[in-house]
Structures are given as structure tokens and as C-alpha cells.
>>> print(open('data-v7.txt').read())   # compact mmCIF, C-alpha atoms
# COMPACT_ATOMS: atom_id res chain seq x y z
CA MET A 100 -4.87 68.70 102.54
CA LEU A 101 -1.37 67.34 101.98
CA ASP A 102 -0.29 65.47 105.08
CA LEU A 103 3.38 66.30 105.50
CA THR A 104 3.76 63.42 107.94
CA GLU A 105 3.75 61.13 104.90
CA ARG A 106 7.47 61.91 104.56
CA THR A 107 7.75 61.44 100.84
CA LEU A 108 11.55 61.80 101.00
CA THR A 109 11.73 62.87 97.40
CA GLU A 110 14.65 64.45 95.60
CA GLU A 111 12.54 66.55 93.28
CA ILE A 112 8.93 67.65 92.95
CA ALA A 113 7.55 68.38 89.48
CA VAL A 114 4.68 70.62 88.45
CA SER A 115 2.40 70.18 85.43
CA PRO A 116 2.78 72.75 82.61
CA ASP A 117 -0.53 74.38 83.59
CA GLY A 118 0.52 74.59 87.26
CA ARG A 119 -2.51 72.68 88.53
CA ARG A 120 -0.81 69.51 89.72
CA ALA A 121 2.40 68.75 91.58
CA TYR A 122 3.96 65.29 91.63
CA ALA A 123 6.18 63.69 94.26
CA ALA A 124 7.48 60.15 94.43
CA GLY A 125 8.72 59.28 97.89
CA MET A 126 11.75 57.04 97.76
CA ALA A 127 10.86 55.26 100.98
CA LEU A 128 14.35 53.78 100.94
CA HIS A 129 15.27 55.13 104.34
CA HIS A 130 11.80 55.56 105.77
CA ARG A 131 10.00 52.89 107.71
CA THR A 132 6.50 52.88 109.13
CA ALA A 133 5.83 52.43 112.85
CA ASP A 134 5.82 48.65 112.43
CA GLY A 135 9.22 48.71 110.66
CA SER A 136 7.94 47.98 107.16
CA ALA A 137 8.55 50.17 104.12
CA PRO A 138 5.52 51.99 102.77
CA PRO A 139 4.43 50.99 99.26
CA PRO A 140 6.11 52.95 96.46
CA THR A 141 3.71 55.66 95.35
CA LEU A 142 3.50 58.72 93.12
CA LEU A 143 1.53 61.44 94.89
CA VAL A 144 -0.51 63.84 92.76
CA VAL A 145 -1.31 67.09 94.55
CA HIS A 146 -3.85 69.69 93.41
CA THR A 147 -1.88 72.90 93.82
CA ALA A 148 -4.88 75.17 94.51
CA THR A 149 -6.23 73.07 97.36
CA HIS A 150 -3.02 71.30 98.47
CA GLU A 151 -5.00 68.05 98.47
CA VAL A 152 -3.58 64.72 97.39
CA VAL A 153 -5.95 63.87 94.53
CA ALA A 154 -4.31 60.61 93.44
CA ARG A 155 -1.85 58.00 94.63
CA GLU A 156 -0.42 56.04 91.75
CA PRO A 157 1.38 52.81 92.68
CA LEU A 158 4.92 52.43 91.40
CA ALA A 159 6.83 49.21 90.69
CA ALA A 160 9.71 50.34 92.93
CA PRO A 161 10.50 53.34 95.12
CA GLY A 162 10.66 56.50 93.05
CA CYS A 163 12.90 59.47 93.57
CA PRO A 164 13.08 62.11 90.88
CA VAL A 165 9.94 63.24 89.10
CA HIS A 166 9.99 65.40 85.99
CA VAL A 167 7.15 66.70 83.84
CA ALA A 168 7.90 67.19 80.15
CA ALA A 169 6.52 70.21 78.31
CA ASP A 170 3.70 68.05 76.89
CA GLY A 171 2.66 66.95 80.38
CA ARG A 172 4.11 63.43 80.39
CA VAL A 173 5.31 62.49 83.86
CA LEU A 174 8.73 60.82 84.12
CA VAL A 175 9.65 58.98 87.32
CA GLY A 176 13.00 57.45 88.20
CA LEU A 177 12.58 54.18 90.07
CA ALA A 178 15.28 53.08 92.50
CA PRO A 179 14.80 49.41 93.38
CA THR A 180 16.89 47.74 96.04
CA GLY A 181 18.00 44.20 96.63
CA ALA A 182 18.95 42.21 99.69
CA GLY A 183 20.01 44.40 102.57
CA GLY A 184 18.98 47.55 100.73
CA ALA A 185 21.73 47.38 98.11
CA PRO A 186 20.79 49.46 95.05
CA LEU A 187 19.89 47.68 91.83
CA ASP A 188 19.80 49.16 88.34
CA GLY A 189 17.11 51.82 88.13
CA ARG A 190 14.26 52.30 85.72
CA LEU A 191 12.71 55.31 84.02
CA THR A 192 8.92 55.15 83.85
CA VAL A 193 7.03 57.46 81.48
CA LEU A 194 3.37 58.12 82.32
CA ALA A 195 0.65 59.79 80.24
CA ALA A 196 -0.26 63.37 81.13
CA ASP A 197 -3.93 62.45 81.48
CA GLY A 198 -4.64 59.45 83.68
CA LEU A 199 -0.97 58.53 84.27
CA ALA A 200 -1.17 55.35 82.18
CA PRO A 201 2.26 53.81 81.59
CA LEU A 202 3.61 54.74 78.15
CA ALA A 203 7.22 53.52 78.19
CA GLY A 204 10.04 52.41 80.41
CA ALA A 205 13.80 52.18 80.15
CA PRO A 206 16.66 50.74 82.17
CA VAL A 207 18.85 53.42 83.76
CA GLY A 208 21.71 53.59 86.26
CA GLN A 209 21.60 52.89 89.94
CA VAL A 210 19.75 55.39 92.13
CA PRO A 211 18.28 57.74 89.52
CA ILE A 212 18.43 61.15 91.15
CA THR A 213 17.65 63.76 88.48
CA ILE A 214 15.62 63.77 85.22
CA ARG A 215 15.46 66.46 82.54
CA THR A 216 13.99 66.53 79.03
CA THR A 217 14.66 68.55 75.92
CA PRO A 218 12.08 71.28 75.25
CA ASP A 219 10.43 69.12 72.57
CA GLY A 220 10.35 66.09 74.88
CA ALA A 221 12.26 63.92 72.41
CA ARG A 222 15.08 63.09 74.83
CA ALA A 223 15.21 62.42 78.54
CA PHE A 224 18.39 62.56 80.59
CA VAL A 225 18.54 60.49 83.77
CA ALA A 226 21.44 60.91 86.22
CA GLY A 227 22.37 57.81 88.22
CA LEU A 228 23.83 58.83 91.56
CA ARG A 229 25.33 55.48 92.48
CA SER A 230 26.32 54.36 88.97
CA GLY A 231 27.86 57.71 87.98
CA THR A 232 26.07 57.70 84.62
CA VAL A 233 23.63 59.77 82.62
CA HIS A 234 21.29 57.70 80.46
CA VAL A 235 19.92 59.44 77.38
CA VAL A 236 16.52 57.93 76.60
CA ASN A 237 13.80 58.38 73.99
CA PRO A 238 10.77 58.70 76.28
CA ALA A 239 8.36 57.84 73.46
CA ASP A 240 9.56 54.25 73.18
CA GLY A 241 11.96 53.73 76.11
CA CYS A 242 14.97 53.21 73.85
CA VAL A 243 18.29 54.04 75.52
CA ILE A 244 20.16 56.21 73.02
CA THR A 245 23.47 56.38 74.85
CA VAL A 246 25.00 56.22 78.30
CA LEU A 247 27.45 58.86 79.47
CA ASP A 248 29.99 57.81 82.11
CA VAL A 249 30.18 60.93 84.25
CA ASP A 250 31.75 59.70 87.48
CA PRO A 251 31.86 55.90 87.56
CA GLY A 252 34.27 55.83 90.51
CA ASP A 253 33.79 53.89 93.70
CA PRO A 254 30.05 54.13 94.41
CA ASP A 255 30.70 53.91 98.16
CA THR A 256 32.81 57.07 98.18
CA THR A 257 31.63 59.24 95.28
CA GLN A 258 28.43 61.12 94.57
CA GLY A 259 28.35 59.97 90.95
CA ALA A 260 26.09 61.95 88.63
CA HIS A 261 24.01 64.03 90.99
CA GLY A 262 22.31 66.80 89.04
CA ILE A 263 21.56 67.97 85.53
CA ALA A 264 20.92 71.33 83.95
CA TYR A 265 19.59 71.45 80.40
CA LEU A 266 20.59 74.56 78.46
CA PRO A 267 19.02 74.78 74.97
>>> encode(input="data-v7.txt", output="C-alpha cells")
Amino acid sequence: MLDLTERTLTEEIAVSPDGRRAYAAGMALHHRTADGSAPPPTLLVVHTATHEVVAREPLAAPGCPVHVAADGRVLVGLAPTGAGGAPLDGRLTVLAADGLAPLAGAPVGQVPITIRTTPDGARAFVAGLRSGTVHVVNPADGCVITVLDVDPGDPDTTQGAHGIAYLP
């Protein structure tokens, strides 16, 4: 059974195309364990019929948004922090549908908050909350195609690029 006390603190939860698995990557940026330490960055895989966590995949940095492409690839936005919790440039990680093996990665803006893909999965769009950018990435090879400056104002006072809707 999914233990809701884990406090995944995720921005988005994604569901596999067949509806059997849900994915959540707890940011753990503002959450501390009882001893004051941050929990390890993890992608939770939940079996939707039983509500059981069936896998915990380690991540290189705290994750926030999770998106599943139409072909089942799992895309996770990583939000690393530096000294004192200051955000660093983020990273998009693309994982295989079966087994979650890493397939590609790409640099993205600070605090990735939303991910969307085109229906054919050829492009991923990653909104950076703190950087005010949207990175357009080829998820097959991790190549950054372009960067859109959406709201690159003062990151301490603006919400930057917060959400994305993809309309074909």
C-alpha cells in the first residue's frame, strides 16, 4: 500500500499509457526526515490496481515533474541545489518504459516544474520555474533544440515558466 507519510512533494504525477503504473518523484527540497537530513531522491513506481509501491528508482538529484510519453518512456525533471539550497541548473532524465534504464539526459533550466511531449514523442518541453525558460529537447538523444525565454525576470520575485499545455 502507498504510504502517504512518505510526503513525495511532487508537482505532477504521471500514469503509464496502459494505466497500470503511476510515477511520482518527490522533490525533497523542503522536506526533511526526523533527523534533519533530506531523503534520497527517488522515483516511486505505484501499481495502480493495488496502490502498492512496486519500485523505487534512485535519481541523481531531487525530481519534481514526471511525464510519461505516449510510448511509455518516463521523463523526470531533476532539480539539484547547491550550497544553502540555492537552485542549480536542472536536468531532464529520460528512462525506458520497461525497466526504467536511463536512455538520455539534457540540461534544462532551474527548477524544472512541468514536462510535456508531442504526441509522437519526438519533442519534450520542460518549463523552468526559476529560470523562466522552456527547453525544447529531443528525448531520444538529449539534444536541446532551442530554449524559449518565457519570463526570465527576477527569479526571487517571479514565477517564471510554471506550466505547459500542448495543443496539437
>>> residues_around(input="data-v7.txt", residues="region 150-160 of chain A", least_positions_apart="4", cutoff="8 Å", atoms="all atoms listed in the file", output="PDB file with C-alpha atoms, in the frame of the given file")
ATOM      1  CA  MET A 100      -4.870  68.700 102.540  1.00  0.00           C
ATOM      2  CA  LEU A 101      -1.370  67.340 101.980  1.00  0.00           C
ATOM      3  CA  PRO A 139       4.430  50.990  99.260  1.00  0.00           C
ATOM      4  CA  PRO A 140       6.110  52.950  96.460  1.00  0.00           C
ATOM      5  CA  THR A 141       3.710  55.660  95.350  1.00  0.00           C
ATOM      6  CA  LEU A 142       3.500  58.720  93.120  1.00  0.00           C
ATOM      7  CA  LEU A 143       1.530  61.440  94.890  1.00  0.00           C
ATOM      8  CA  VAL A 144      -0.510  63.840  92.760  1.00  0.00           C
ATOM      9  CA  VAL A 145      -1.310  67.090  94.550  1.00  0.00           C
ATOM     10  CA  HIS A 146      -3.850  69.690  93.410  1.00  0.00           C
ATOM     11  CA  LEU A 177      12.580  54.180  90.070  1.00  0.00           C
ATOM     12  CA  ALA A 178      15.280  53.080  92.500  1.00  0.00           C
ATOM     13  CA  PRO A 179      14.800  49.410  93.380  1.00  0.00           C
ATOM     14  CA  LEU A 199      -0.970  58.530  84.270  1.00  0.00           C
TER      15      LEU A 199
END
>>> residues_around(input="data-v7.txt", residues="Ala203 (chain A)", least_positions_apart="5", cutoff="7 Å", atoms="only C-alpha atoms", output="list of chain:residue names")
A:Thr192, A:Val193, A:Pro238, A:Ala239, A:Asp240, A:Gly241
>>> residues_around(input="data-v7.txt", residues="Arg119 (chain A)", least_positions_apart="4", cutoff="8 Å", atoms="all atoms listed in the file", output="number ranges by chain")
A: 114-115, 146-148
>>> residues_near_point(input="data-v7.txt", point="(20.8, 73.8, 80.5)", cutoff="12 Å", atoms="all atoms listed in the file", output="ChimeraX atom specification")
/A:215-218,224,262-267
>>> residues_around(input="data-v7.txt", residues="Gly208 (chain A)", least_positions_apart="2", cutoff="6 Å", atoms="all atoms listed in the file", output="VMD selection string")
chain A and resid 188 to 189 227 230
>>> atom_distance(input="data-v7.txt", atom1="CA of Asp219 (chain A)", atom2="CA of Pro161 (chain A)")
27.5 Å
>>> closest_residue(input="data-v7.txt", among="A:Gly220, A:Gly125, A:Asp197, A:Gly181", to="Ala169 (chain A)", atoms="all atoms listed in the file")
A:Gly220
>>> atom_distance(input="data-v7.txt", atom1="CA of Arg190 (chain A)", atom2="CA of Val243 (chain A)")
11.1 Å
>>> closest_residue(input="data-v7.txt", among="A:Val233, A:Ala226, A:Ala124, A:Val210", to="Val173 (chain A)", atoms="all atoms listed in the file")
A:Ala124
>>> atom_distance(input="data-v7.txt", atom1="CA of Asp134 (chain A)", atom2="CA of Leu187 (chain A)")
25.0 Å
>>> residues_around(input="data-v7.txt", residues="Pro116 (chain A)", least_positions_apart="4", cutoff="8 Å", atoms="all atoms listed in the file", output="PyMOL selection string")
chain A and resi 167-171
